[in-house]
Amino acid sequence: MSGFKSDFLRTLDERGFIHQISDPEGLDAACLKGPITGYIGFDATASSLHAGSLIQIMMLHWMQQTGHRPISLMGGGTSMIGDPSFKDEARKLLSVDDVARNIAGIRKVFEKYLSYGDGPTGALMIDNADWLLKLNYVEFLRDVGRHFSVNRMLS
């Protein structure tokens with residue numbers, strides 16, 4: 001039996017989504033005050049998502065179903081840098097068109113679980129390319145960053 005008062009956290013807890021949580025009382029109180037907005041980021045390096053993303057998608061689904069606003073944040077800009085998971089190979093650089101196709105494919109998956117719209121609980125899909133491309137961040141990382149591993153850049 002869940003000790004949460006908000007529909008959102010109670011639903012997540014009852015469905016086994018919560019293992020650990022920071023300030024559960026504060027988050028529960030915020031959810032009770034009115035709609036909150038939450039986001040989860042997804043790579044756009046492929047035209048579909050890995051099965052492991054289903055838990056995050058379902059969390060966004062339950063967020064919306066219980067009266068809150070979910071945002072699916074697409075990594076269109078960061079996906080153009082290349083997938084750093086293949087550490088021994090050169091990163092595959094994706095074009096703007098490749099990333100746009102991938103995001104369109106991923107959106108079809110999201111539309112099965114989320115209702116996109118302008119209302120207070122309407123889901124949003126936002127692409128970080130919208131601001132990263134204006135900063136020339138992607139261009140810089142494609143030109144300079146490809147010479148360094150992610151671990152090296154973070155150290």
# chains A, B, ... in the order shown; residues from 1 in each chain; ligands from 1

$ residues_around --residues "Thr66 in chain A" --least-positions-apart "2" --cutoff "10 Å" --atoms "only C-alpha atoms" --output "PyMOL selection string"
chain A and resi 6-11+31+35+61-64+68-69+121

$ residues_around --residues "Leu60 in chain A" --least-positions-apart "2" --cutoff "10 Å" --atoms "only C-alpha atoms" --output "list of chain:residue names"
A:Thr37, A:Gly38, A:Tyr39, A:Ile40, A:Leu54, A:Ile55, A:Gln56, A:Ile57, A:Met58, A:Trp62, A:Met63, A:Gln64, A:Gln65, A:His68, A:Arg69, A:Pro70, A:Ile71, A:Ser72, A:Phe110, A:Tyr113, A:Leu114, A:Ala123

$ write_last_selection --atoms "C-alpha atoms" --output "PDB file, in the first residue's frame"
ATOM      1  CA  THR A  37       5.798  19.386 -15.746  1.00  0.00           C
ATOM      2  CA  GLY A  38       8.431  16.694 -16.136  1.00  0.00           C
ATOM      3  CA  TYR A  39      10.697  15.584 -18.931  1.00  0.00           C
ATOM      4  CA  ILE A  40      12.825  12.654 -19.992  1.00  0.00           C
ATOM      5  CA  LEU A  54       9.398   1.678 -22.285  1.00  0.00           C
ATOM      6  CA  ILE A  55       9.628   2.302 -18.542  1.00  0.00           C
ATOM      7  CA  GLN A  56      10.412   5.974 -19.107  1.00  0.00           C
ATOM      8  CA  ILE A  57       7.657   6.299 -21.711  1.00  0.00           C
ATOM      9  CA  MET A  58       5.165   4.691 -19.342  1.00  0.00           C
ATOM     10  CA  TRP A  62       1.116   7.988 -16.131  1.00  0.00           C
ATOM     11  CA  MET A  63       2.220  11.557 -15.516  1.00  0.00           C
ATOM     12  CA  GLN A  64      -0.226  12.716 -18.186  1.00  0.00           C
ATOM     13  CA  GLN A  65      -3.006  10.345 -17.129  1.00  0.00           C
ATOM     14  CA  HIS A  68       0.373  16.537 -15.297  1.00  0.00           C
ATOM     15  CA  ARG A  69       2.335  17.648 -18.373  1.00  0.00           C
ATOM     16  CA  PRO A  70       5.010  15.350 -19.848  1.00  0.00           C
ATOM     17  CA  ILE A  71       7.792  16.495 -22.145  1.00  0.00           C
ATOM     18  CA  SER A  72       9.699  14.110 -24.375  1.00  0.00           C
ATOM     19  CA  PHE A 110       5.237   8.160 -28.300  1.00  0.00           C
ATOM     20  CA  TYR A 113       1.203   6.446 -25.158  1.00  0.00           C
ATOM     21  CA  LEU A 114       0.940  10.248 -25.004  1.00  0.00           C
ATOM     22  CA  ALA A 123       2.423  16.420 -24.006  1.00  0.00           C
TER      23      ALA A 123
END

$ closest_residue --among "A:Gly77, A:Pro120, A:Gly34, A:Gly105" --to "Asn136 in chain A" --atoms "only C-alpha atoms"
A:Gly77

$ atom_distance --atom1 "CA of Met125 in chain A" --atom2 "CA of Arg101 in chain A"
14.5 Å

$ decode --residues "range 81-131 of chain A" --atoms "N, CA and C atoms" --output "PDB file, in the first residue's frame"
ATOM      1  N   ILE A  81      26.098  14.526 -33.197  1.00  0.00           N
ATOM      2  CA  ILE A  81      27.508  14.401 -32.828  1.00  0.00           C
ATOM      3  C   ILE A  81      27.978  12.974 -33.061  1.00  0.00           C
ATOM      4  N   GLY A  82      27.081  12.038 -32.957  1.00  0.00           N
ATOM      5  CA  GLY A  82      27.426  10.634 -33.130  1.00  0.00           C
ATOM      6  C   GLY A  82      27.163   9.877 -31.848  1.00  0.00           C
ATOM      7  N   ASP A  83      27.022   8.585 -31.965  1.00  0.00           N
ATOM      8  CA  ASP A  83      26.725   7.721 -30.835  1.00  0.00           C
ATOM      9  C   ASP A  83      28.027   7.331 -30.147  1.00  0.00           C
ATOM     10  N   PRO A  84      28.261   7.822 -28.917  1.00  0.00           N
ATOM     11  CA  PRO A  84      29.527   7.536 -28.247  1.00  0.00           C
ATOM     12  C   PRO A  84      29.618   6.137 -27.648  1.00  0.00           C
ATOM     13  N   SER A  85      28.581   5.303 -27.791  1.00  0.00           N
ATOM     14  CA  SER A  85      28.626   3.978 -27.181  1.00  0.00           C
ATOM     15  C   SER A  85      29.598   3.043 -27.890  1.00  0.00           C
ATOM     16  N   PHE A  86      29.940   3.338 -29.117  1.00  0.00           N
ATOM     17  CA  PHE A  86      30.871   2.502 -29.869  1.00  0.00           C
ATOM     18  C   PHE A  86      32.271   3.097 -29.728  1.00  0.00           C
ATOM     19  N   LYS A  87      32.862   2.908 -28.554  1.00  0.00           N
ATOM     20  CA  LYS A  87      34.096   3.602 -28.191  1.00  0.00           C
ATOM     21  C   LYS A  87      35.293   3.252 -29.064  1.00  0.00           C
ATOM     22  N   ASP A  88      35.321   2.054 -29.648  1.00  0.00           N
ATOM     23  CA  ASP A  88      36.479   1.637 -30.445  1.00  0.00           C
ATOM     24  C   ASP A  88      36.374   2.045 -31.904  1.00  0.00           C
ATOM     25  N   GLU A  89      35.222   2.502 -32.319  1.00  0.00           N
ATOM     26  CA  GLU A  89      35.013   2.888 -33.714  1.00  0.00           C
ATOM     27  C   GLU A  89      34.768   4.393 -33.792  1.00  0.00           C
ATOM     28  N   ALA A  90      34.942   4.920 -34.978  1.00  0.00           N
ATOM     29  CA  ALA A  90      34.576   6.323 -35.186  1.00  0.00           C
ATOM     30  C   ALA A  90      33.065   6.444 -35.015  1.00  0.00           C
ATOM     31  N   ARG A  91      32.644   7.517 -34.432  1.00  0.00           N
ATOM     32  CA  ARG A  91      31.218   7.731 -34.234  1.00  0.00           C
ATOM     33  C   ARG A  91      30.552   8.001 -35.570  1.00  0.00           C
ATOM     34  N   LYS A  92      29.392   7.378 -35.756  1.00  0.00           N
ATOM     35  CA  LYS A  92      28.634   7.626 -36.978  1.00  0.00           C
ATOM     36  C   LYS A  92      27.974   8.998 -36.851  1.00  0.00           C
ATOM     37  N   LEU A  93      28.305   9.885 -37.768  1.00  0.00           N
ATOM     38  CA  LEU A  93      27.726  11.225 -37.744  1.00  0.00           C
ATOM     39  C   LEU A  93      26.434  11.229 -38.550  1.00  0.00           C
ATOM     40  N   LEU A  94      25.384  11.734 -37.948  1.00  0.00           N
ATOM     41  CA  LEU A  94      24.077  11.767 -38.594  1.00  0.00           C
ATOM     42  C   LEU A  94      23.807  13.151 -39.160  1.00  0.00           C
ATOM     43  N   SER A  95      23.146  13.173 -40.300  1.00  0.00           N
ATOM     44  CA  SER A  95      22.772  14.451 -40.914  1.00  0.00           C
ATOM     45  C   SER A  95      21.495  14.976 -40.259  1.00  0.00           C
ATOM     46  N   VAL A  96      21.177  16.218 -40.541  1.00  0.00           N
ATOM     47  CA  VAL A  96      19.934  16.819 -40.053  1.00  0.00           C
ATOM     48  C   VAL A  96      18.744  15.997 -40.546  1.00  0.00           C
ATOM     49  N   ASP A  97      18.782  15.550 -41.808  1.00  0.00           N
ATOM     50  CA  ASP A  97      17.689  14.747 -42.366  1.00  0.00           C
ATOM     51  C   ASP A  97      17.580  13.392 -41.676  1.00  0.00           C
ATOM     52  N   ASP A  98      18.726  12.753 -41.388  1.00  0.00           N
ATOM     53  CA  ASP A  98      18.714  11.468 -40.676  1.00  0.00           C
ATOM     54  C   ASP A  98      18.046  11.621 -39.315  1.00  0.00           C
ATOM     55  N   VAL A  99      18.448  12.645 -38.590  1.00  0.00           N
ATOM     56  CA  VAL A  99      17.902  12.870 -37.251  1.00  0.00           C
ATOM     57  C   VAL A  99      16.413  13.195 -37.333  1.00  0.00           C
ATOM     58  N   ALA A 100      16.003  13.990 -38.306  1.00  0.00           N
ATOM     59  CA  ALA A 100      14.579  14.326 -38.471  1.00  0.00           C
ATOM     60  C   ALA A 100      13.758  13.064 -38.736  1.00  0.00           C
ATOM     61  N   ARG A 101      14.277  12.169 -39.578  1.00  0.00           N
ATOM     62  CA  ARG A 101      13.584  10.898 -39.842  1.00  0.00           C
ATOM     63  C   ARG A 101      13.498  10.060 -38.564  1.00  0.00           C
ATOM     64  N   ASN A 102      14.583  10.019 -37.809  1.00  0.00           N
ATOM     65  CA  ASN A 102      14.581   9.252 -36.566  1.00  0.00           C
ATOM     66  C   ASN A 102      13.560   9.804 -35.578  1.00  0.00           C
ATOM     67  N   ILE A 103      13.524  11.117 -35.438  1.00  0.00           N
ATOM     68  CA  ILE A 103      12.570  11.731 -34.509  1.00  0.00           C
ATOM     69  C   ILE A 103      11.137  11.460 -34.959  1.00  0.00           C
ATOM     70  N   ALA A 104      10.876  11.508 -36.252  1.00  0.00           N
ATOM     71  CA  ALA A 104       9.526  11.207 -36.762  1.00  0.00           C
ATOM     72  C   ALA A 104       9.136   9.772 -36.421  1.00  0.00           C
ATOM     73  N   GLY A 105      10.073   8.843 -36.557  1.00  0.00           N
ATOM     74  CA  GLY A 105       9.797   7.449 -36.211  1.00  0.00           C
ATOM     75  C   GLY A 105       9.546   7.271 -34.726  1.00  0.00           C
ATOM     76  N   ILE A 106      10.346   7.931 -33.915  1.00  0.00           N
ATOM     77  CA  ILE A 106      10.192   7.842 -32.462  1.00  0.00           C
ATOM     78  C   ILE A 106       8.880   8.483 -32.027  1.00  0.00           C
ATOM     79  N   ARG A 107       8.502   9.583 -32.664  1.00  0.00           N
ATOM     80  CA  ARG A 107       7.242  10.255 -32.309  1.00  0.00           C
ATOM     81  C   ARG A 107       6.053   9.303 -32.499  1.00  0.00           C
ATOM     82  N   LYS A 108       6.099   8.462 -33.536  1.00  0.00           N
ATOM     83  CA  LYS A 108       5.010   7.498 -33.761  1.00  0.00           C
ATOM     84  C   LYS A 108       4.857   6.566 -32.559  1.00  0.00           C
ATOM     85  N   VAL A 109       5.973   6.193 -31.959  1.00  0.00           N
ATOM     86  CA  VAL A 109       5.924   5.347 -30.762  1.00  0.00           C
ATOM     87  C   VAL A 109       5.288   6.126 -29.613  1.00  0.00           C
ATOM     88  N   PHE A 110       5.760   7.349 -29.395  1.00  0.00           N
ATOM     89  CA  PHE A 110       5.237   8.160 -28.300  1.00  0.00           C
ATOM     90  C   PHE A 110       3.742   8.415 -28.449  1.00  0.00           C
ATOM     91  N   GLU A 111       3.272   8.607 -29.672  1.00  0.00           N
ATOM     92  CA  GLU A 111       1.860   8.921 -29.891  1.00  0.00           C
ATOM     93  C   GLU A 111       0.938   7.779 -29.477  1.00  0.00           C
ATOM     94  N   LYS A 112       1.465   6.590 -29.295  1.00  0.00           N
ATOM     95  CA  LYS A 112       0.661   5.468 -28.800  1.00  0.00           C
ATOM     96  C   LYS A 112       0.432   5.572 -27.296  1.00  0.00           C
ATOM     97  N   TYR A 113       1.263   6.360 -26.614  1.00  0.00           N
ATOM     98  CA  TYR A 113       1.203   6.446 -25.158  1.00  0.00           C
ATOM     99  C   TYR A 113       0.885   7.841 -24.624  1.00  0.00           C
ATOM    100  N   LEU A 114       1.126   8.867 -25.436  1.00  0.00           N
ATOM    101  CA  LEU A 114       0.940  10.248 -25.004  1.00  0.00           C
ATOM    102  C   LEU A 114       0.032  10.992 -25.970  1.00  0.00           C
ATOM    103  N   SER A 115      -0.709  11.966 -25.437  1.00  0.00           N
ATOM    104  CA  SER A 115      -1.533  12.843 -26.271  1.00  0.00           C
ATOM    105  C   SER A 115      -0.845  14.198 -26.333  1.00  0.00           C
ATOM    106  N   TYR A 116      -0.384  14.561 -27.528  1.00  0.00           N
ATOM    107  CA  TYR A 116       0.298  15.838 -27.716  1.00  0.00           C
ATOM    108  C   TYR A 116      -0.729  16.934 -27.937  1.00  0.00           C
ATOM    109  N   GLY A 117      -0.490  18.095 -27.346  1.00  0.00           N
ATOM    110  CA  GLY A 117      -1.415  19.206 -27.515  1.00  0.00           C
ATOM    111  C   GLY A 117      -1.015  20.403 -26.683  1.00  0.00           C
ATOM    112  N   ASP A 118      -1.848  21.442 -26.749  1.00  0.00           N
ATOM    113  CA  ASP A 118      -1.544  22.706 -26.090  1.00  0.00           C
ATOM    114  C   ASP A 118      -2.185  22.859 -24.720  1.00  0.00           C
ATOM    115  N   GLY A 119      -3.045  21.954 -24.328  1.00  0.00           N
ATOM    116  CA  GLY A 119      -3.720  22.083 -23.039  1.00  0.00           C
ATOM    117  C   GLY A 119      -2.759  21.915 -21.873  1.00  0.00           C
ATOM    118  N   PRO A 120      -3.267  22.079 -20.654  1.00  0.00           N
ATOM    119  CA  PRO A 120      -2.398  22.016 -19.471  1.00  0.00           C
ATOM    120  C   PRO A 120      -1.724  20.660 -19.273  1.00  0.00           C
ATOM    121  N   THR A 121      -2.307  19.603 -19.815  1.00  0.00           N
ATOM    122  CA  THR A 121      -1.674  18.284 -19.709  1.00  0.00           C
ATOM    123  C   THR A 121      -1.230  17.757 -21.073  1.00  0.00           C
ATOM    124  N   GLY A 122      -1.313  18.580 -22.101  1.00  0.00           N
ATOM    125  CA  GLY A 122      -0.879  18.160 -23.438  1.00  0.00           C
ATOM    126  C   GLY A 122       0.620  17.913 -23.460  1.00  0.00           C
ATOM    127  N   ALA A 123       0.998  16.754 -23.943  1.00  0.00           N
ATOM    128  CA  ALA A 123       2.423  16.420 -24.006  1.00  0.00           C
ATOM    129  C   ALA A 123       3.123  17.309 -25.029  1.00  0.00           C
ATOM    130  N   LEU A 124       4.386  17.562 -24.778  1.00  0.00           N
ATOM    131  CA  LEU A 124       5.228  18.319 -25.700  1.00  0.00           C
ATOM    132  C   LEU A 124       6.384  17.441 -26.145  1.00  0.00           C
ATOM    133  N   MET A 125       6.796  17.607 -27.393  1.00  0.00           N
ATOM    134  CA  MET A 125       8.037  17.000 -27.859  1.00  0.00           C
ATOM    135  C   MET A 125       8.940  18.158 -28.247  1.00  0.00           C
ATOM    136  N   ILE A 126      10.070  18.242 -27.588  1.00  0.00           N
ATOM    137  CA  ILE A 126      11.024  19.324 -27.815  1.00  0.00           C
ATOM    138  C   ILE A 126      12.336  18.705 -28.269  1.00  0.00           C
ATOM    139  N   ASP A 127      12.997  19.354 -29.208  1.00  0.00           N
ATOM    140  CA  ASP A 127      14.260  18.860 -29.757  1.00  0.00           C
ATOM    141  C   ASP A 127      15.386  19.801 -29.347  1.00  0.00           C
ATOM    142  N   ASN A 128      16.427  19.258 -28.704  1.00  0.00           N
ATOM    143  CA  ASN A 128      17.515  20.135 -28.260  1.00  0.00           C
ATOM    144  C   ASN A 128      18.284  20.749 -29.429  1.00  0.00           C
ATOM    145  N   ALA A 129      18.079  20.256 -30.640  1.00  0.00           N
ATOM    146  CA  ALA A 129      18.697  20.876 -31.821  1.00  0.00           C
ATOM    147  C   ALA A 129      18.173  22.299 -32.021  1.00  0.00           C
ATOM    148  N   ASP A 130      16.955  22.567 -31.541  1.00  0.00           N
ATOM    149  CA  ASP A 130      16.368  23.897 -31.708  1.00  0.00           C
ATOM    150  C   ASP A 130      17.233  24.990 -31.086  1.00  0.00           C
ATOM    151  N   TRP A 131      17.937  24.690 -30.019  1.00  0.00           N
ATOM    152  CA  TRP A 131      18.817  25.700 -29.426  1.00  0.00           C
ATOM    153  C   TRP A 131      20.299  25.376 -29.602  1.00  0.00           C
TER     154      TRP A 131
END
